[in-house]
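Trainee: This structure is in structure tokens; I'll ask about it shortly.
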Amino acid sequence: MKQASHHAFHWQRFLLSLTLCLSHLTTWAQRQYSIDYQVNFDTLRHYLLVTLDYTETSQASASDIVLNMPVWAPGYYEILDFPKHLCDFAAQKSDGQRLAWQKEGKNRWRVPLPEDGHVRVSYRIFANKRDVASSRVDKDIAFVAPCGVFMHIDGELDHSSTVTFHLPQGWTMIASGLKQGGWDCNDRNARNDGTDSLTAVFDVKDFDTLYDSPLLFGHFRLDKFTHDDRWYEFALETPDGVDELDLKGKFCKIVSAATQMMDHVPYTFYSLIHMGQGEGGLEHLNSQACYTDGTYRFDSRRDEVKFLAFVAHEYFHLYNVKCIRPAELWPIDYNREVITPMLWVSEGLTCYYEFRLLRYAGIATPDESLELLSTYFSLYAPYEGQRHQSLRQSSYDIWLNFMNDDANSRDVRTNYYFKGPIIGLLLDIDIRRRTQQQRSLDDVMRLLYQRYYLELKRGFTEEEFWTLCAEVAGSPLTEVRHAVDTTDDIDYDYWLRDAGLRIDGYKIVRIGHLTKAQKAFLEAMRL
């Protein structure tokens, strides 16, 4: 009897809690509101001046609103704590009367909601970093990385918003994947505000889209072109040497190669944002933001090919990680680390497809492709770290080690950017060997894209990845998975032999006397 009574009590508590939760969810589900942003630029002191207008339009309203700002940017697997760049947060009623707000944790603000349902929030963002996850405001140009600028209502990422940028006088150029209507959007999204300055207005369907769409404003070269019935723009902060390199032509070849391989293109408009000297590149669904060395003139053909591989890498990411996404990364939680053991697929296999796309596009030679692969091999193979951390574990622990430059890093850790493409090569060879060249890793990528992104509209799990690989290959790839999951020594020559390759020191080279079968294997792999 006591036990039964005890259970009854807890069931009553559970049902009461469930009722309250459903009531709360219903209130928020019925809640209707608009959220509009205004952004100005302080080019002298490197600030973005942000104003957020929240207006409740439904009868069911809460007593306050909770605003969230992301603490990391997808593709950049490090907690960046963007709120650290925020200052002068303030909230007020429609009549200008200040509201008492509270900070909850490092990236949440609770603001009371007045009876008329309108709140205006303002704050400043210090923007003076040259990396692709951070904003930068200078005299003649501004790069806006939205994750560190805009807030959303807690739990309401699916809500639409309007974002208006008031450009400094004389600024005429706008580049972003947010543009609506193609490469003529400088006219469609921008209008004169009566002071000889442009106002750029974007209607954004949800905050995932906003956070995935960097913007460049100011003075820069903007090339517009079409390719295969799609619109493209190329924003160049420092265009020195770009015409001699024919980067536009080479990029179009990369796009065509990826389209032929994947049988689909997930965008109608794509923006390439290339800035001057700075750090790295970051992928987005219909854009890429990259820092360069400030010029497109390279000291050697090797440097040129490495740069083109960098461009191909960021472009292929629109398939592999923006669409073909580990299940843990869909939907995205912007408030904390999102841990997955599959980033070696997202990043490592993308590194492998750098050279594959350059080969498919006819840009790189077989020797240059082997040199790219050898560079990755030489960055991890000589070091002890591969005996202490598996490739799978490196994916899991990347949030601790993304920018970790401890003196012992190579002695105790593996980098999936380096080992991942080599495992990609072994995976490709194994599938080709098992299917007598009838199938390859390309089929795996294509099937992941079609099944999980286009059809199921979700990410893939670790087991689903290996099951799909087995489906393509005709049998489980047990040995390759063992190489991913453990720190055991890998007999690279054993894996490479069928493809007519071997390890020479820390280089991947062709075998001296190739058999007919090895020659055919190399030709099929375009090596």
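All residue names refer to the structure tokens as shown: chains lettered A, B, ... in order, residues numbered from 1 in each chain, ligands numbered from 1 in order.
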Just list as a list of chain:residue names whatever in stretch 263-462 of chain A DSSP marks as strand (DSSP E).

Mentor: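 Output for stretch 263-462 of chain A, strand (DSSP E) only: A:Phe269, A:Tyr270, A:Ser271, A:Leu272, A:Ile273, A:His274, A:Met275, A:Gly276, A:Gln277, A:Gly281, A:Leu282, A:Glu283, A:His284, A:Ser287, A:Gln288, A:Ala289, A:Cys290, A:Tyr291, A:Thr292.
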
Trainee: Give me a file of those residues, with C-alpha atoms, as a PDB file, in the first residue's frame.

Mentor:
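Wrote selection-v5.pdb, looks like this:
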ATOM      1  CA  PHE A 269      22.839  32.029 -55.926  1.00  0.00           C
ATOM      2  CA  TYR A 270      26.362  31.763 -54.494  1.00  0.00           C
ATOM      3  CA  SER A 271      28.591  34.490 -53.039  1.00  0.00           C
ATOM      4  CA  LEU A 272      32.384  34.211 -52.767  1.00  0.00           C
ATOM      5  CA  ILE A 273      33.724  36.651 -50.192  1.00  0.00           C
ATOM      6  CA  HIS A 274      37.516  36.868 -50.359  1.00  0.00           C
ATOM      7  CA  MET A 275      39.234  39.344 -48.080  1.00  0.00           C
ATOM      8  CA  GLY A 276      42.831  40.432 -47.606  1.00  0.00           C
ATOM      9  CA  GLN A 277      45.325  39.176 -45.084  1.00  0.00           C
ATOM     10  CA  GLY A 281      38.078  30.193 -44.558  1.00  0.00           C
ATOM     11  CA  LEU A 282      34.581  29.225 -43.500  1.00  0.00           C
ATOM     12  CA  GLU A 283      31.920  27.400 -45.467  1.00  0.00           C
ATOM     13  CA  HIS A 284      28.272  28.350 -45.781  1.00  0.00           C
ATOM     14  CA  SER A 287      28.623  31.333 -49.801  1.00  0.00           C
ATOM     15  CA  GLN A 288      32.189  31.102 -48.598  1.00  0.00           C
ATOM     16  CA  ALA A 289      34.161  33.650 -46.594  1.00  0.00           C
ATOM     17  CA  CYS A 290      37.932  33.425 -46.899  1.00  0.00           C
ATOM     18  CA  TYR A 291      40.951  35.462 -45.964  1.00  0.00           C
ATOM     19  CA  THR A 292      43.847  35.392 -48.417  1.00  0.00           C
TER      20      THR A 292
END

Trainee: Could you find all residues in stretch 104-324 of chain A that DSSP calls helix (DSSP H, G or I) from the backbone, and write them as a PDB file with C-alpha atoms, in the first residue's frame?

Mentor:
ATOM      1  CA  PRO A 146      26.203  37.210 -37.916  1.00  0.00           C
ATOM      2  CA  CYS A 147      26.653  34.642 -35.111  1.00  0.00           C
ATOM      3  CA  GLY A 148      28.491  37.239 -33.059  1.00  0.00           C
ATOM      4  CA  CYS A 185      20.684  42.456 -55.660  1.00  0.00           C
ATOM      5  CA  ASN A 186      22.759  45.534 -54.951  1.00  0.00           C
ATOM      6  CA  ASP A 187      19.753  47.254 -56.491  1.00  0.00           C
ATOM      7  CA  ARG A 188      17.088  44.973 -55.034  1.00  0.00           C
ATOM      8  CA  ASN A 189      18.325  44.948 -51.447  1.00  0.00           C
ATOM      9  CA  PHE A 207      17.962  32.567 -37.746  1.00  0.00           C
ATOM     10  CA  ASP A 208      19.825  29.496 -39.016  1.00  0.00           C
ATOM     11  CA  THR A 209      19.861  31.221 -42.402  1.00  0.00           C
ATOM     12  CA  LEU A 210      20.960  34.534 -40.881  1.00  0.00           C
ATOM     13  CA  TYR A 211      23.751  32.917 -38.840  1.00  0.00           C
ATOM     14  CA  VAL A 242      43.045  37.606 -59.713  1.00  0.00           C
ATOM     15  CA  ASP A 243      42.601  38.119 -63.471  1.00  0.00           C
ATOM     16  CA  GLU A 244      45.979  36.618 -64.305  1.00  0.00           C
ATOM     17  CA  LEU A 245      45.074  33.587 -62.193  1.00  0.00           C
ATOM     18  CA  LEU A 247      40.145  32.451 -60.595  1.00  0.00           C
ATOM     19  CA  LYS A 248      36.614  32.897 -61.898  1.00  0.00           C
ATOM     20  CA  GLY A 249      37.221  30.411 -64.712  1.00  0.00           C
ATOM     21  CA  LYS A 250      38.880  27.885 -62.419  1.00  0.00           C
ATOM     22  CA  PHE A 251      36.135  28.245 -59.829  1.00  0.00           C
ATOM     23  CA  CYS A 252      33.496  27.530 -62.478  1.00  0.00           C
ATOM     24  CA  LYS A 253      35.374  24.344 -63.400  1.00  0.00           C
ATOM     25  CA  ILE A 254      35.340  23.297 -59.731  1.00  0.00           C
ATOM     26  CA  VAL A 255      31.588  23.960 -59.558  1.00  0.00           C
ATOM     27  CA  SER A 256      30.963  21.916 -62.708  1.00  0.00           C
ATOM     28  CA  ALA A 257      33.082  19.038 -61.390  1.00  0.00           C
ATOM     29  CA  ALA A 258      31.180  18.983 -58.075  1.00  0.00           C
ATOM     30  CA  THR A 259      27.820  19.220 -59.860  1.00  0.00           C
ATOM     31  CA  GLN A 260      28.660  16.303 -62.132  1.00  0.00           C
ATOM     32  CA  MET A 261      29.776  14.234 -59.158  1.00  0.00           C
ATOM     33  CA  MET A 262      26.835  15.011 -56.844  1.00  0.00           C
ATOM     34  CA  ARG A 301      52.773  26.630 -58.993  1.00  0.00           C
ATOM     35  CA  ARG A 302      52.660  24.571 -55.791  1.00  0.00           C
ATOM     36  CA  ASP A 303      51.355  27.567 -53.823  1.00  0.00           C
ATOM     37  CA  GLU A 304      48.798  28.255 -56.538  1.00  0.00           C
ATOM     38  CA  VAL A 305      47.468  24.688 -56.454  1.00  0.00           C
ATOM     39  CA  LYS A 306      47.295  24.772 -52.640  1.00  0.00           C
ATOM     40  CA  PHE A 307      45.197  27.939 -52.825  1.00  0.00           C
ATOM     41  CA  LEU A 308      42.860  26.478 -55.439  1.00  0.00           C
ATOM     42  CA  ALA A 309      42.495  23.388 -53.229  1.00  0.00           C
ATOM     43  CA  PHE A 310      41.519  25.749 -50.393  1.00  0.00           C
ATOM     44  CA  VAL A 311      38.772  27.279 -52.561  1.00  0.00           C
ATOM     45  CA  ALA A 312      37.591  23.806 -53.614  1.00  0.00           C
ATOM     46  CA  HIS A 313      37.563  22.721 -49.958  1.00  0.00           C
ATOM     47  CA  GLU A 314      35.232  25.521 -48.869  1.00  0.00           C
ATOM     48  CA  TYR A 315      33.010  24.983 -51.888  1.00  0.00           C
ATOM     49  CA  PHE A 316      32.662  21.207 -51.362  1.00  0.00           C
TER      50      PHE A 316
END

Trainee: Contacts of stretch 412-419 of chain A at 8 Å or less, counting only C-alpha atoms, minus same-chain residues fewer than 5 places along, as a VMD selection string?

Mentor: chain A and resid 343 to 344 347 to 348 351 376 to 377 379 to 380 384 to 391 394 to 395

Trainee: Would you mind exporting N, CA and C atoms of the selected residues as a CSV table (one decimal), in the first residue's frame?

Mentor:
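What follows is the written file again-v3.csv:
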chain,number,residue,atom,x,y,z
A,343,LEU,N,33.4,14.2,-37.3
A,343,LEU,CA,34.0,15.4,-38.0
A,343,LEU,C,35.1,15.0,-38.9
A,344,TRP,N,35.7,13.8,-38.7
A,344,TRP,CA,36.7,13.3,-39.7
A,344,TRP,C,36.1,13.1,-41.0
A,347,GLU,N,35.3,17.1,-42.3
A,347,GLU,CA,36.5,17.8,-42.6
A,347,GLU,C,37.5,17.0,-43.3
A,348,GLY,N,37.8,15.8,-42.8
A,348,GLY,CA,38.9,15.0,-43.4
A,348,GLY,C,38.6,14.6,-44.8
A,351,CYS,N,38.9,17.4,-47.2
A,351,CYS,CA,40.3,17.6,-47.6
A,351,CYS,C,40.7,16.6,-48.7
A,376,TYR,N,49.6,16.3,-46.6
A,376,TYR,CA,48.8,15.9,-45.4
A,376,TYR,C,49.4,14.7,-44.7
A,377,PHE,N,49.9,13.7,-45.4
A,377,PHE,CA,50.6,12.6,-44.7
A,377,PHE,C,51.8,13.0,-43.9
A,379,LEU,N,52.2,15.7,-42.4
A,379,LEU,CA,51.9,16.5,-41.3
A,379,LEU,C,51.5,15.7,-40.0
A,380,TYR,N,51.2,14.4,-40.2
A,380,TYR,CA,50.9,13.6,-39.0
A,380,TYR,C,51.7,12.3,-38.9
A,384,GLU,N,54.2,11.3,-32.9
A,384,GLU,CA,53.8,10.3,-31.9
A,384,GLU,C,52.3,10.4,-31.6
A,385,GLY,N,51.7,11.5,-31.9
A,385,GLY,CA,50.3,11.7,-31.6
A,385,GLY,C,49.4,10.7,-32.1
A,386,GLN,N,49.7,10.1,-33.3
A,386,GLN,CA,48.8,9.1,-33.9
A,386,GLN,C,48.7,7.8,-33.0
A,387,ARG,N,49.7,7.6,-32.1
A,387,ARG,CA,49.7,6.4,-31.3
A,387,ARG,C,48.9,6.7,-30.0
A,388,HIS,N,48.5,7.9,-29.8
A,388,HIS,CA,47.8,8.3,-28.5
A,388,HIS,C,46.4,8.7,-28.7
A,389,GLN,N,46.0,9.1,-30.0
A,389,GLN,CA,44.6,9.5,-30.2
A,389,GLN,C,44.2,9.0,-31.6
A,390,SER,N,43.0,8.3,-31.6
A,390,SER,CA,42.5,7.8,-32.8
A,390,SER,C,41.9,8.9,-33.7
A,391,LEU,N,41.7,8.7,-34.9
A,391,LEU,CA,41.0,9.7,-35.8
A,391,LEU,C,39.6,9.9,-35.3
A,394,SER,N,39.8,12.2,-32.3
A,394,SER,CA,40.2,13.5,-32.6
A,394,SER,C,39.0,14.3,-33.0
A,395,SER,N,38.0,13.7,-33.6
A,395,SER,CA,36.7,14.4,-34.0
A,395,SER,C,36.0,14.7,-32.7

Trainee: Please report the interatomic distance between atom CA of A:Asp504 and atom CA of A:Ile490 in Å with one decimal.

Mentor: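 Atom CA of A:Ile490 lies at a distance of 14.8 Å from atom CA of A:Asp504.
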
Trainee: Show which residues sit within 6 Å of A:Glu78, as a list in words. Count only C-alpha atoms, and ignore same-chain residues fewer than 2 positions away.

Mentor: Tyr76, Leu80 and Trp399 of chain A

Trainee: So that I have them on file, write out the residues from the current selection with N, CA, C and O atoms, as a PDB file, in the first residue's frame.

Mentor:
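The new file selection_27.pdb reads:
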ATOM      1  N   TYR A  76      33.356  26.239 -37.236  1.00  0.00           N
ATOM      2  CA  TYR A  76      34.490  26.746 -36.461  1.00  0.00           C
ATOM      3  C   TYR A  76      34.329  26.163 -35.060  1.00  0.00           C
ATOM      4  O   TYR A  76      33.655  26.743 -34.209  1.00  0.00           O
ATOM      5  N   LEU A  80      33.702  30.464 -28.902  1.00  0.00           N
ATOM      6  CA  LEU A  80      34.291  31.791 -29.100  1.00  0.00           C
ATOM      7  C   LEU A  80      33.700  32.830 -28.148  1.00  0.00           C
ATOM      8  O   LEU A  80      34.215  33.950 -28.073  1.00  0.00           O
ATOM      9  N   TRP A 399      36.703  20.131 -29.800  1.00  0.00           N
ATOM     10  CA  TRP A 399      36.338  21.344 -29.058  1.00  0.00           C
ATOM     11  C   TRP A 399      37.407  21.725 -28.039  1.00  0.00           C
ATOM     12  O   TRP A 399      37.501  22.884 -27.626  1.00  0.00           O
TER      13      TRP A 399
END

Trainee: Just want the 6 Å neighbourhood of stretch 129-139 of chain A, counted on only C-alpha atoms, with same-chain residues fewer than 4 positions away dropped. Output as a list in words.

Mentor: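 Counting only the stated atoms, we get Thr43, His46, Phe143, Val144, Ala145, Gly278, Glu279 and Gly281 of chain A.
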
Trainee: If you keep all heavy atoms, can you produce a file of those selected residues as a CSV table (one decimal), in the first residue's frame?

Mentor:
chain,number,residue,atom,x,y,z
A,43,THR,N,33.0,53.3,-38.0
A,43,THR,CA,34.3,52.9,-38.7
A,43,THR,C,35.5,53.5,-38.0
A,43,THR,O,36.6,53.0,-38.3
A,43,THR,CB,34.2,53.4,-40.2
A,43,THR,OG1,34.1,54.8,-40.2
A,43,THR,CG2,33.0,52.8,-40.9
A,46,HIS,N,35.7,50.9,-34.7
A,46,HIS,CA,35.5,49.5,-35.0
A,46,HIS,C,34.3,48.9,-34.3
A,46,HIS,O,34.4,47.8,-33.7
A,46,HIS,CB,36.8,48.7,-34.7
A,46,HIS,CG,38.0,49.2,-35.3
A,46,HIS,ND1,38.3,49.2,-36.6
A,46,HIS,CD2,39.0,49.9,-34.7
A,46,HIS,CE1,39.5,49.8,-36.8
A,46,HIS,NE2,40.0,50.2,-35.6
A,143,PHE,N,33.2,43.5,-42.5
A,143,PHE,CA,32.8,42.1,-42.6
A,143,PHE,C,31.9,41.8,-41.4
A,143,PHE,O,32.4,42.0,-40.3
A,143,PHE,CB,34.0,41.2,-42.7
A,143,PHE,CG,33.7,39.7,-42.7
A,143,PHE,CD1,33.0,39.2,-43.8
A,143,PHE,CD2,34.1,38.9,-41.6
A,143,PHE,CE1,32.7,37.8,-43.8
A,143,PHE,CE2,33.8,37.6,-41.6
A,143,PHE,CZ,33.1,37.0,-42.7
A,144,VAL,N,30.7,41.3,-41.7
A,144,VAL,CA,29.8,41.0,-40.6
A,144,VAL,C,29.6,39.5,-40.5
A,144,VAL,O,29.1,38.9,-41.5
A,144,VAL,CB,28.4,41.7,-40.8
A,144,VAL,CG1,27.5,41.3,-39.7
A,144,VAL,CG2,28.6,43.2,-40.9
A,145,ALA,N,30.0,38.9,-39.4
A,145,ALA,CA,29.8,37.5,-39.1
A,145,ALA,C,28.6,37.4,-38.2
A,145,ALA,O,28.7,37.7,-37.0
A,145,ALA,CB,31.1,36.9,-38.5
A,278,GLY,N,44.5,37.7,-43.4
A,278,GLY,CA,43.8,37.2,-42.2
A,278,GLY,C,43.9,35.7,-42.1
A,278,GLY,O,44.8,35.1,-42.6
A,279,GLU,N,43.0,35.2,-41.3
A,279,GLU,CA,43.0,33.8,-41.0
A,279,GLU,C,41.9,33.0,-41.5
A,279,GLU,O,40.7,33.2,-41.1
A,279,GLU,CB,43.1,33.6,-39.4
A,279,GLU,CG,44.4,34.2,-38.8
A,279,GLU,CD,44.5,34.0,-37.3
A,279,GLU,OE1,43.6,33.2,-36.8
A,279,GLU,OE2,45.4,34.5,-36.7
A,281,GLY,N,39.3,30.1,-43.7
A,281,GLY,CA,38.1,30.2,-44.6
A,281,GLY,C,37.0,29.5,-43.9
A,281,GLY,O,37.2,28.6,-43.0
